[in-house]
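Q: Here it is: the structure, laid out below.
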Amino acid sequence: MSGMLARLLGLGLGLLVAAAGGQAQTDPVDELSLLQGDPARGRLVFAPCRACHFTEEAAGHGNGPNLSRIFGRVAGQQTGFEHYSDALKASQFVWTPQLMYTWLENPLGVLPGTTMMSAGVPDPSRRADLIAYLQSISVRQAPSVSR
Amino acid sequence: MTDAGDKRGLRRRDLLAGFGAAAAGSVALAAAALPASRVASWDIYADVLVAGSGAAGTCAAIEAARAGANVLLIESLPRFGGSSAMSAGVIYAGGGTALQRALGVEDSVENMVSFISRAGGKHPPLEKIQLYCEGSSAHFDWLVEQGVPYSQQMSQGMAVPQGGESLYYSGCERAWPARELALPAPRGHVPVARGMTGGRVLMEALLAQAGALGVRLQASVSGQRLIVTSEGRVIGMQVNVGGEPKTIRAYRGVVLASGGFIHNRDMVRNYAPELYDCSVPWGNMGDQGMGINMGIGVGAAALRMHQGFAIVPLYPPDAVLSGIVVNASGQRFVPEDTYYGVLGDAIAFHQQGRAWLITDRRGEPPAGQDNFLPVARGNTIGDLADQLGFPKGALQDSVAYYNRHAANGDDPLFHKRPPILRPLQGPPYTAWDLAVDKAFFPAHTFGGLQTGLDGEVYNSFGEAIPGLYAAGRTSSGLPGAPYIASGLSVGDATFFGRRAGQAAARRGPPS
């Protein structure tokens, strides 16, 4: 339990660092909504992530978990994916656009135990674009009538 | 620093500095050699030091340990496996491997040599190719012995198998002109894995072997510079551990297996401008060029630094290839049914990074795919040509010529094969943008240090640098431009990584 607490504390620190790192004093929630990400631009910002993550639900999991309709899910809990880090499993994250925005600024800084070997997307507007793209994917797949 | 790409490069480097990699500032300076005379004390000792835990480094460590050496394997990131673990894990093997024989596939060493040496770019490394092909069957047996799982099933499709098959035509073997240069044979050997995780399966097996053999595996330790004697012998490495510089003494040899440099954006722009423009830097974030730069820092020659993997995945499904791919003159330039690495190379390096896929109604890609996007749609080819601004009549001429011969099952220009070869007919016609910066266009680097058959690193005067070895994408090996088959890169990394580890372990203590 103390390990989990430490990790949650780690997340808290990550959030603080992320907020302090941005030039403005705005908190990350406001920053993301102010940025107004563009899903069309985000398509190629996301593209390097495809080395490990599929966005089509039917494609299942790759080296990383499937990201179709990722928002609203509890992190580290998707069925069928066996390679979550202990850190992510214990994190009790719920993936919101705001949390994703914080996470992707520096994934290894937010959660040092993560197995996601990505430098993230440090540029704020590009990061907002990526998140907008992931949201558009979720919307596109939501009315999955023919499955 | 004005564009986002520049900022991204800097931030990535700053971030790595946080793990104890290069301090912000010039990468080349950080990688400059450190004279042994300035090393006051050694912190860590090994017979063989391997830098990088992908396929090349792990295979080197395994073989060095089997040869009796005390081996230290360091990885700059917190996780082992490198880009190999993120790949599909395909190994290009042939000449009659156990799996080929079990499936009744006809192949020979000579045939495989012909394909690799003739279907790709000019002046390939013939000695390496010959050795690789002669040893390929035994190398596959070795991978099986390390615990890498393969099934006795084969796929006929062009894409990496998704149904548990372990053998497929992973390259351009069946496309023109390759099929006239060598008898086509399936040589892509894929570990049994779900959802493109073959590289993970491969690396889990290899890393487990390394651990079982007593290799010391150290994560979050990044190489900074090689340590050299006044005679030019490499005897160790200065590394960064949690922000602290440490010195590692390597009594027998140092193996650089630190990947390529696709994530070092300054290096890519300087060395490989065509790859810089490709939309998707592909691979593990550790591909920062540190091994290459450390080698250059002690005088190593670096070869073919502009070459790389630049792919535009049109398939699956293969049916998309019934369309034609044209350049800015509205003309075809490649057999569309070739390997996507050959197509990507043709676009990135020979068509100024611009191309379009033209489809008819039947040839449309699956709805929802966004690898490449439609930029013009019309009821006639002329409509498309007008919208795209092609030279007057050029696209219409291309399609008319193509259709006239395709109706007879011929493609005089590029010898595309039926049934993929068929006339384009039936609106709507659509043009899809395949530009390197608009389509999903992954790229990584193939340029690296000049090495011999045992991974020994050469300087620009053709002399081996004592004590220094390199393998995988830190070296210049079998993969070149165009990239003609999946599995050549990881295949080269495993095969020559093993040889580098054996050679490094053989070398006695320096006198």
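Following the order of the structure tokens, first chain is A, next is B, and so on, with residues numbered from 1 inside each chain and ligands from 1 in the order they appear.
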Given a cut-off of 9 Å, which residues of chain A touch chain B, counting only C-alpha atoms, written out as a PyMOL selection string?
A: chain A and resi 43-49+51-52+54+59-63+106+112-123+126+140
Q: How would the residues just picked look written out with C-alpha atoms as an mmCIF file, in the first residue's frame?
A:
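In the end it all went to again-v7.cif:
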data_model
loop_
_atom_site.group_PDB
_atom_site.id
_atom_site.type_symbol
_atom_site.label_atom_id
_atom_site.label_comp_id
_atom_site.auth_asym_id
_atom_site.auth_seq_id
_atom_site.Cartn_x
_atom_site.Cartn_y
_atom_site.Cartn_z
ATOM 1 C CA ARG A 43 -3.091 12.277 -36.684
ATOM 2 C CA LEU A 44 0.614 12.446 -37.513
ATOM 3 C CA VAL A 45 1.632 13.607 -34.040
ATOM 4 C CA PHE A 46 0.146 10.357 -32.804
ATOM 5 C CA ALA A 47 1.722 8.283 -35.594
ATOM 6 C CA PRO A 48 4.974 7.337 -33.774
ATOM 7 C CA CYS A 49 2.836 5.870 -30.985
ATOM 8 C CA ALA A 51 4.696 1.369 -33.100
ATOM 9 C CA CYS A 52 2.989 -0.013 -29.986
ATOM 10 C CA PHE A 54 -3.535 0.348 -32.170
ATOM 11 C CA ALA A 59 -6.941 -4.690 -33.935
ATOM 12 C CA GLY A 60 -6.630 -5.529 -30.249
ATOM 13 C CA HIS A 61 -3.498 -4.878 -28.246
ATOM 14 C CA GLY A 62 0.039 -4.439 -29.539
ATOM 15 C CA ASN A 63 3.123 -3.867 -27.441
ATOM 16 C CA ASN A 106 7.022 13.541 -19.866
ATOM 17 C CA PRO A 112 9.058 6.537 -13.437
ATOM 18 C CA GLY A 113 8.116 2.870 -13.338
ATOM 19 C CA THR A 114 6.236 2.950 -16.624
ATOM 20 C CA THR A 115 7.253 0.529 -19.335
ATOM 21 C CA MET A 116 6.293 3.051 -22.028
ATOM 22 C CA MET A 117 9.636 4.082 -23.428
ATOM 23 C CA SER A 118 8.461 7.315 -24.983
ATOM 24 C CA ALA A 119 9.847 10.805 -24.642
ATOM 25 C CA GLY A 120 6.255 12.007 -24.911
ATOM 26 C CA VAL A 121 5.282 15.144 -26.782
ATOM 27 C CA PRO A 122 6.812 18.084 -24.916
ATOM 28 C CA ASP A 123 5.337 20.732 -27.231
ATOM 29 C CA ARG A 126 1.232 19.314 -30.564
ATOM 30 C CA ARG A 140 -15.680 7.697 -34.705
#
Q: Give me, as CSV, the closest atom pair and its distance (Å, one decimal) for every residue of stretch 53-95 of chain B within a cut-off of 10 Å of stretch 120-137 of chain B, counting only C-alpha atoms, rows sorted by chain and rising number.
A:
residue,atom,partner,partner_atom,distance
B:Ile91,CA,B:Ser136,CA,9.8
B:Tyr92,CA,B:Ser136,CA,8.4
B:Ala93,CA,B:Ser136,CA,5.4
B:Gly94,CA,B:Ser136,CA,5.9
B:Gly95,CA,B:Ser137,CA,6.4
Q: List the neighbours of B:Leu395 out to 8 Å using only C-alpha atoms; skip same-chain residues closer than 5 positions along the sequence, and give me the result as a list of chain:residue names.
A: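 Close residues of B:Leu395: B:Ser329, B:Gly330, B:Gln331, B:Ile381, B:Gly382, B:Ala385, B:Phe390.
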Q: If you count only C-alpha atoms, which residues fall within 8 Å of B:Asp492, apart from same-chain ones fewer than 3 positions away, as a list in words?
A: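 With the cut-off at 8 Å, the set is Tyr132, Gly472, Gly477, Leu478, Pro479, Leu488, Ser489, Phe495, Phe496 and Gly497 of chain B.
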Q: Can I get the selected residues back with C-alpha atoms, as a PDB file, in the first residue's frame?
A:
ATOM      1  CA  TYR B 132      25.089 -13.972 -43.688  1.00  0.00           C
ATOM      2  CA  GLY B 472      23.001  -3.482 -35.397  1.00  0.00           C
ATOM      3  CA  GLY B 477      25.315  -3.547 -42.415  1.00  0.00           C
ATOM      4  CA  LEU B 478      23.030  -5.438 -44.766  1.00  0.00           C
ATOM      5  CA  PRO B 479      20.088  -3.040 -44.718  1.00  0.00           C
ATOM      6  CA  LEU B 488      17.074  -7.712 -42.825  1.00  0.00           C
ATOM      7  CA  SER B 489      17.721  -5.185 -40.066  1.00  0.00           C
ATOM      8  CA  PHE B 495      23.792 -12.377 -36.840  1.00  0.00           C
ATOM      9  CA  PHE B 496      26.591  -9.825 -36.715  1.00  0.00           C
ATOM     10  CA  GLY B 497      25.874  -8.988 -33.079  1.00  0.00           C
TER      11      GLY B 497
END
Q: May I have the residues within 12 Å of B:Ile347 as a ChimeraX atom specification, using only C-alpha atoms and disregarding those fewer than 5 positions away in the same chain?
A: /B:274-275,277-278,309-312,325-328,332-334,336,340-342,352-357,433-437,439,441,481-482
Q: Excluding A:Val94 and residues on its chain fewer than 6 positions from it, collect all residues at most 8 Å away from it, counting only C-alpha atoms, and give them as a PDB file with N, CA and C atoms, in the first residue's frame.
A:
ATOM      1  N   PHE A  71     -10.535   7.210 -23.301  1.00  0.00           N
ATOM      2  CA  PHE A  71     -10.926   8.177 -22.264  1.00  0.00           C
ATOM      3  C   PHE A  71     -12.073   7.633 -21.422  1.00  0.00           C
ATOM      4  N   GLY A  72     -11.929   7.819 -20.123  1.00  0.00           N
ATOM      5  CA  GLY A  72     -12.902   7.277 -19.183  1.00  0.00           C
ATOM      6  C   GLY A  72     -12.504   5.921 -18.637  1.00  0.00           C
ATOM      7  N   ARG A  73     -11.516   5.288 -19.245  1.00  0.00           N
ATOM      8  CA  ARG A  73     -11.084   3.984 -18.744  1.00  0.00           C
ATOM      9  C   ARG A  73     -10.139   4.162 -17.562  1.00  0.00           C
ATOM     10  N   VAL A  74     -10.147   3.162 -16.666  1.00  0.00           N
ATOM     11  CA  VAL A  74      -9.174   3.134 -15.583  1.00  0.00           C
ATOM     12  C   VAL A  74      -7.863   2.608 -16.158  1.00  0.00           C
ATOM     13  N   ALA A  75      -6.784   3.304 -15.879  1.00  0.00           N
ATOM     14  CA  ALA A  75      -5.485   2.918 -16.443  1.00  0.00           C
ATOM     15  C   ALA A  75      -5.057   1.549 -15.928  1.00  0.00           C
TER      16      ALA A  75
END
Q: Fewer than 4 positions away in the same chain doesn't count, so skip those; otherwise give me all residues within 12 Å of A:Val139, counting only C-alpha atoms, as a PDB file with C-alpha atoms, in the first residue's frame.
A:
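Final output, selection-v8.pdb:
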ATOM      1  CA  PRO A  39      -7.442  16.162 -34.704  1.00  0.00           C
ATOM      2  CA  THR A  55      -6.493   2.705 -32.386  1.00  0.00           C
ATOM      3  CA  GLU A  56      -8.908   0.365 -34.164  1.00  0.00           C
ATOM      4  CA  SER A  68      -9.802   3.073 -28.969  1.00  0.00           C
ATOM      5  CA  ARG A  69     -12.129   4.803 -26.546  1.00  0.00           C
ATOM      6  CA  ILE A  70      -9.334   5.210 -24.024  1.00  0.00           C
ATOM      7  CA  PHE A  71     -10.926   8.177 -22.264  1.00  0.00           C
ATOM      8  CA  ALA A 132      -7.878  15.775 -30.016  1.00  0.00           C
ATOM      9  CA  TYR A 133      -7.024  13.008 -32.476  1.00  0.00           C
ATOM     10  CA  LEU A 134      -7.500  10.303 -29.838  1.00  0.00           C
ATOM     11  CA  GLN A 135     -10.839  11.863 -28.922  1.00  0.00           C
ATOM     12  CA  PRO A 143     -21.582   3.904 -32.661  1.00  0.00           C
ATOM     13  CA  SER A 144     -20.138   0.501 -33.525  1.00  0.00           C
TER      14      SER A 144
END
